[in-house]
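Structure file coords-v8.txt (compact mmCIF, N, CA and C atoms) follows.
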```
# COMPACT_ATOMS: atom_id res chain seq x y z
N MET A 21 77.21 96.82 129.56
CA MET A 21 76.35 97.18 128.45
C MET A 21 75.60 95.94 127.99
N PRO A 22 74.30 96.01 127.84
CA PRO A 22 73.52 94.85 127.42
C PRO A 22 73.84 94.46 125.98
N ARG A 23 73.73 93.19 125.70
CA ARG A 23 74.03 92.69 124.35
C ARG A 23 73.04 93.19 123.31
N GLY A 24 71.79 93.37 123.68
CA GLY A 24 70.77 93.83 122.73
C GLY A 24 71.10 95.19 122.16
N LYS A 25 71.72 96.04 122.96
CA LYS A 25 72.09 97.39 122.52
C LYS A 25 73.13 97.33 121.40
N SER A 26 74.12 96.44 121.54
CA SER A 26 75.16 96.31 120.54
C SER A 26 74.58 95.83 119.21
N ASN A 27 73.67 94.87 119.28
CA ASN A 27 73.03 94.35 118.08
C ASN A 27 72.18 95.43 117.42
N GLN A 28 71.53 96.24 118.23
CA GLN A 28 70.69 97.32 117.71
C GLN A 28 71.57 98.36 117.00
N ASN A 29 72.72 98.68 117.59
CA ASN A 29 73.65 99.62 116.96
C ASN A 29 74.13 99.09 115.62
N ALA A 30 74.42 97.81 115.54
CA ALA A 30 74.87 97.21 114.29
C ALA A 30 73.78 97.31 113.24
N ASP A 31 72.53 97.09 113.64
CA ASP A 31 71.41 97.20 112.69
C ASP A 31 71.30 98.63 112.17
N ILE A 32 71.44 99.58 113.06
CA ILE A 32 71.35 100.99 112.66
C ILE A 32 72.48 101.34 111.70
N LEU A 33 73.69 100.87 112.02
CA LEU A 33 74.82 101.16 111.14
C LEU A 33 74.67 100.50 109.78
N GLU A 34 74.14 99.30 109.74
CA GLU A 34 73.91 98.63 108.46
C GLU A 34 72.89 99.39 107.63
N TYR A 35 71.83 99.86 108.27
CA TYR A 35 70.81 100.63 107.56
C TYR A 35 71.41 101.93 107.02
N ALA A 36 72.20 102.61 107.88
CA ALA A 36 72.84 103.85 107.45
C ALA A 36 73.77 103.61 106.27
N LEU A 37 74.53 102.51 106.33
CA LEU A 37 75.44 102.18 105.24
C LEU A 37 74.68 101.95 103.93
N MET A 38 73.59 101.19 104.01
CA MET A 38 72.79 100.94 102.79
C MET A 38 72.26 102.25 102.22
N HIS A 39 71.79 103.14 103.10
CA HIS A 39 71.24 104.41 102.64
C HIS A 39 72.33 105.27 102.00
N LEU A 40 73.50 105.33 102.62
CA LEU A 40 74.60 106.13 102.07
C LEU A 40 75.08 105.57 100.73
N GLU A 41 75.14 104.25 100.61
CA GLU A 41 75.54 103.66 99.33
C GLU A 41 74.52 103.97 98.24
N LYS A 42 73.24 103.99 98.60
CA LYS A 42 72.20 104.33 97.62
C LYS A 42 72.38 105.78 97.18
N GLU A 43 72.63 106.69 98.14
CA GLU A 43 72.85 108.10 97.79
C GLU A 43 74.08 108.24 96.90
N ARG A 44 75.15 107.49 97.22
CA ARG A 44 76.37 107.55 96.41
C ARG A 44 76.08 107.13 94.98
N ASP A 45 75.31 106.06 94.81
CA ASP A 45 74.98 105.58 93.47
C ASP A 45 74.16 106.61 92.70
N GLU A 46 73.23 107.28 93.40
CA GLU A 46 72.42 108.30 92.73
C GLU A 46 73.28 109.48 92.31
N ILE A 47 74.18 109.89 93.17
CA ILE A 47 75.07 111.01 92.84
C ILE A 47 75.99 110.62 91.69
N GLN A 48 76.51 109.40 91.71
CA GLN A 48 77.38 108.95 90.62
C GLN A 48 76.62 108.92 89.30
N ALA A 49 75.34 108.54 89.35
CA ALA A 49 74.54 108.54 88.12
C ALA A 49 74.39 109.96 87.59
N ARG A 50 74.20 110.93 88.49
CA ARG A 50 74.09 112.33 88.04
C ARG A 50 75.41 112.82 87.46
N ILE A 51 76.52 112.45 88.08
CA ILE A 51 77.82 112.84 87.57
C ILE A 51 78.05 112.25 86.18
N ASP A 52 77.69 110.98 86.02
CA ASP A 52 77.84 110.34 84.71
C ASP A 52 76.98 111.03 83.66
N ALA A 53 75.77 111.45 84.03
CA ALA A 53 74.89 112.14 83.09
C ALA A 53 75.51 113.46 82.64
N VAL A 54 76.07 114.19 83.58
CA VAL A 54 76.71 115.47 83.24
C VAL A 54 77.92 115.23 82.34
N ARG A 55 78.70 114.20 82.66
CA ARG A 55 79.87 113.91 81.82
C ARG A 55 79.43 113.52 80.41
N ARG A 56 78.34 112.78 80.29
CA ARG A 56 77.84 112.42 78.95
C ARG A 56 77.42 113.68 78.19
N GLN A 57 76.80 114.64 78.90
CA GLN A 57 76.40 115.88 78.24
C GLN A 57 77.61 116.69 77.78
N LEU A 58 78.68 116.62 78.55
CA LEU A 58 79.89 117.33 78.16
C LEU A 58 80.56 116.69 76.96
N GLY A 59 80.34 115.42 76.79
CA GLY A 59 80.89 114.71 75.64
C GLY A 59 82.37 114.45 75.79
N SER A 60 83.12 114.66 74.75
CA SER A 60 84.55 114.32 74.76
C SER A 60 85.40 115.40 75.42
N ARG A 61 84.79 116.42 75.98
CA ARG A 61 85.57 117.48 76.61
C ARG A 61 86.15 117.06 77.95
N THR A 62 85.65 115.97 78.52
CA THR A 62 86.21 115.52 79.79
C THR A 62 87.53 114.81 79.54
N SER A 63 88.49 115.04 80.42
CA SER A 63 89.81 114.46 80.20
C SER A 63 90.06 113.21 81.01
N ALA A 64 89.39 113.06 82.16
CA ALA A 64 89.65 111.92 83.03
C ALA A 64 88.42 111.03 83.13
N PRO A 65 88.59 109.74 83.02
CA PRO A 65 87.45 108.84 83.19
C PRO A 65 87.02 108.80 84.65
N THR A 66 85.79 108.36 84.91
CA THR A 66 85.32 108.29 86.28
C THR A 66 86.03 107.16 86.99
N PRO A 67 86.48 107.41 88.22
CA PRO A 67 87.15 106.34 88.95
C PRO A 67 86.12 105.32 89.43
N SER A 68 86.44 104.06 89.28
CA SER A 68 85.52 103.03 89.74
C SER A 68 85.73 102.79 91.22
N ALA A 69 84.74 102.20 91.87
CA ALA A 69 84.83 101.97 93.30
C ALA A 69 85.93 100.97 93.63
N SER A 70 86.25 100.08 92.71
CA SER A 70 87.25 99.06 92.99
C SER A 70 88.67 99.53 92.69
N ALA A 71 88.82 100.61 91.95
CA ALA A 71 90.15 101.11 91.60
C ALA A 71 90.78 101.80 92.81
N PRO A 72 92.07 101.64 93.00
CA PRO A 72 92.71 102.32 94.13
C PRO A 72 92.70 103.83 93.92
N ALA A 73 92.59 104.56 95.01
CA ALA A 73 92.50 106.01 94.93
C ALA A 73 93.80 106.63 94.44
N SER A 74 94.93 106.01 94.76
CA SER A 74 96.21 106.58 94.37
C SER A 74 96.88 105.71 93.31
N ALA A 75 96.22 105.59 92.18
CA ALA A 75 96.78 104.80 91.09
C ALA A 75 98.00 105.53 90.54
N PRO A 76 99.09 104.83 90.31
CA PRO A 76 100.28 105.49 89.80
C PRO A 76 100.04 106.04 88.39
N SER A 77 100.50 107.24 88.18
CA SER A 77 100.37 107.85 86.86
C SER A 77 101.65 108.62 86.57
N ALA A 78 101.76 109.08 85.36
CA ALA A 78 102.94 109.85 84.98
C ALA A 78 102.96 111.14 85.78
N PRO A 79 104.13 111.58 86.25
CA PRO A 79 104.19 112.82 87.01
C PRO A 79 103.80 114.00 86.14
N ARG A 80 103.10 114.94 86.76
CA ARG A 80 102.68 116.11 86.01
C ARG A 80 103.88 117.01 85.75
N ARG A 81 103.91 117.57 84.56
CA ARG A 81 104.98 118.50 84.22
C ARG A 81 104.69 119.84 84.85
N LYS A 82 105.71 120.51 85.28
CA LYS A 82 105.55 121.83 85.87
C LYS A 82 105.21 122.83 84.76
N ARG A 83 104.19 123.64 85.04
CA ARG A 83 103.80 124.63 84.05
C ARG A 83 104.75 125.81 84.13
N VAL A 84 105.19 126.27 83.00
CA VAL A 84 106.16 127.35 82.94
C VAL A 84 105.51 128.56 82.27
N LEU A 85 105.59 129.70 82.97
CA LEU A 85 105.06 130.94 82.40
C LEU A 85 106.21 131.77 81.84
N SER A 86 105.91 132.49 80.80
CA SER A 86 106.94 133.38 80.26
C SER A 86 107.10 134.57 81.21
N GLU A 87 108.19 135.26 81.07
CA GLU A 87 108.44 136.42 81.93
C GLU A 87 107.37 137.48 81.71
N ALA A 88 106.95 137.66 80.47
CA ALA A 88 105.91 138.65 80.17
C ALA A 88 104.59 138.28 80.86
N ALA A 89 104.26 136.99 80.85
CA ALA A 89 103.03 136.55 81.50
C ALA A 89 103.11 136.78 83.01
N ARG A 90 104.26 136.47 83.60
CA ARG A 90 104.44 136.71 85.04
C ARG A 90 104.27 138.19 85.37
N LYS A 91 104.82 139.06 84.52
CA LYS A 91 104.71 140.51 84.75
C LYS A 91 103.25 140.97 84.63
N ARG A 92 102.52 140.44 83.66
CA ARG A 92 101.11 140.81 83.51
C ARG A 92 100.31 140.37 84.75
N ILE A 93 100.57 139.16 85.21
CA ILE A 93 99.86 138.65 86.38
C ILE A 93 100.21 139.48 87.61
N ALA A 94 101.48 139.81 87.79
CA ALA A 94 101.90 140.62 88.93
C ALA A 94 101.27 142.00 88.89
N ALA A 95 101.24 142.61 87.71
CA ALA A 95 100.65 143.94 87.58
C ALA A 95 99.15 143.90 87.89
N ALA A 96 98.47 142.88 87.42
CA ALA A 96 97.03 142.77 87.69
C ALA A 96 96.79 142.58 89.18
N GLN A 97 97.62 141.77 89.85
CA GLN A 97 97.44 141.55 91.28
C GLN A 97 97.74 142.82 92.08
N LYS A 98 98.77 143.56 91.68
CA LYS A 98 99.07 144.83 92.36
C LYS A 98 97.92 145.80 92.21
N LYS A 99 97.30 145.81 91.02
CA LYS A 99 96.16 146.69 90.79
C LYS A 99 94.99 146.28 91.69
N ARG A 100 94.73 144.96 91.81
CA ARG A 100 93.65 144.51 92.69
C ARG A 100 93.91 144.89 94.14
N TRP A 101 95.15 144.73 94.60
CA TRP A 101 95.46 145.08 95.98
C TRP A 101 95.35 146.58 96.21
N ALA A 102 95.75 147.37 95.23
CA ALA A 102 95.63 148.83 95.36
C ALA A 102 94.16 149.22 95.49
N GLU A 103 93.30 148.60 94.69
CA GLU A 103 91.87 148.89 94.79
C GLU A 103 91.31 148.43 96.13
N HIS A 104 91.80 147.31 96.63
CA HIS A 104 91.35 146.80 97.92
C HIS A 104 91.74 147.77 99.04
N ARG A 105 92.99 148.22 99.02
CA ARG A 105 93.45 149.16 100.05
C ARG A 105 92.68 150.48 99.97
N LYS A 106 92.41 150.93 98.76
CA LYS A 106 91.65 152.15 98.58
C LYS A 106 90.24 152.01 99.16
N ALA A 107 89.61 150.86 98.92
CA ALA A 107 88.28 150.62 99.46
C ALA A 107 88.32 150.53 100.98
N GLN A 108 89.40 149.96 101.55
CA GLN A 108 89.53 149.88 103.00
C GLN A 108 89.66 151.26 103.63
N LYS A 109 90.44 152.13 103.01
CA LYS A 109 90.60 153.50 103.53
C LYS A 109 89.29 154.28 103.41
N ALA A 110 88.56 154.05 102.34
CA ALA A 110 87.30 154.77 102.15
C ALA A 110 86.26 154.33 103.18
N SER A 111 86.30 153.09 103.62
CA SER A 111 85.31 152.61 104.58
C SER A 111 85.67 152.98 106.02
N GLU A 112 86.90 153.45 106.27
CA GLU A 112 87.30 153.83 107.63
C GLU A 112 86.80 155.16 108.02
```

Could you show the structure in this file as structure tokens?
Amino acid sequence: MPRGKSNQNADILEYALMHLEKERDEIQARIDAVRRQLGSRTSAPTPSASAPASAPSAPRRKRVLSEAARKRIAAAQKKRWAEHRKAQKASE
């Protein structure tokens, strides 16, 4: 493989990297604008590029539903499945 080809590939990759970083910055600016519009309703700050992706945090507590809530959810799901099966039989 000629050496010029390798150098050309590196130039292309550098250009692509610059372009992708520019797009990332534009998208991040749009995300920041939306978060500002939401105001204090956002719960998590934007992660910075230098912060590690898996920063240690307190473990999330398991959400617990009451028995009545579980029964309501189960009944609603059974109703949805019954309607789905009914629609399947009607289309056959």

Step by step, gather every atom of range 36-51 of chain A that the file lists, find the box along x, y and z that holds them, add 5 Å on each side, and finally give centre and edge lengths in Å to one decimal, as JSON.
```
{"center_x": 74.6, "center_y": 106.9, "center_z": 97.0, "size_x": 16.8, "size_y": 21.9, "size_z": 31.7}
```

By how many Å are atom N of Ala53 in chain A and atom C of His39 in chain A apart? 19.3 Å

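You will find CA of Glu43 in chain A at 18.5 Å from CA of Asp31 in chain A.
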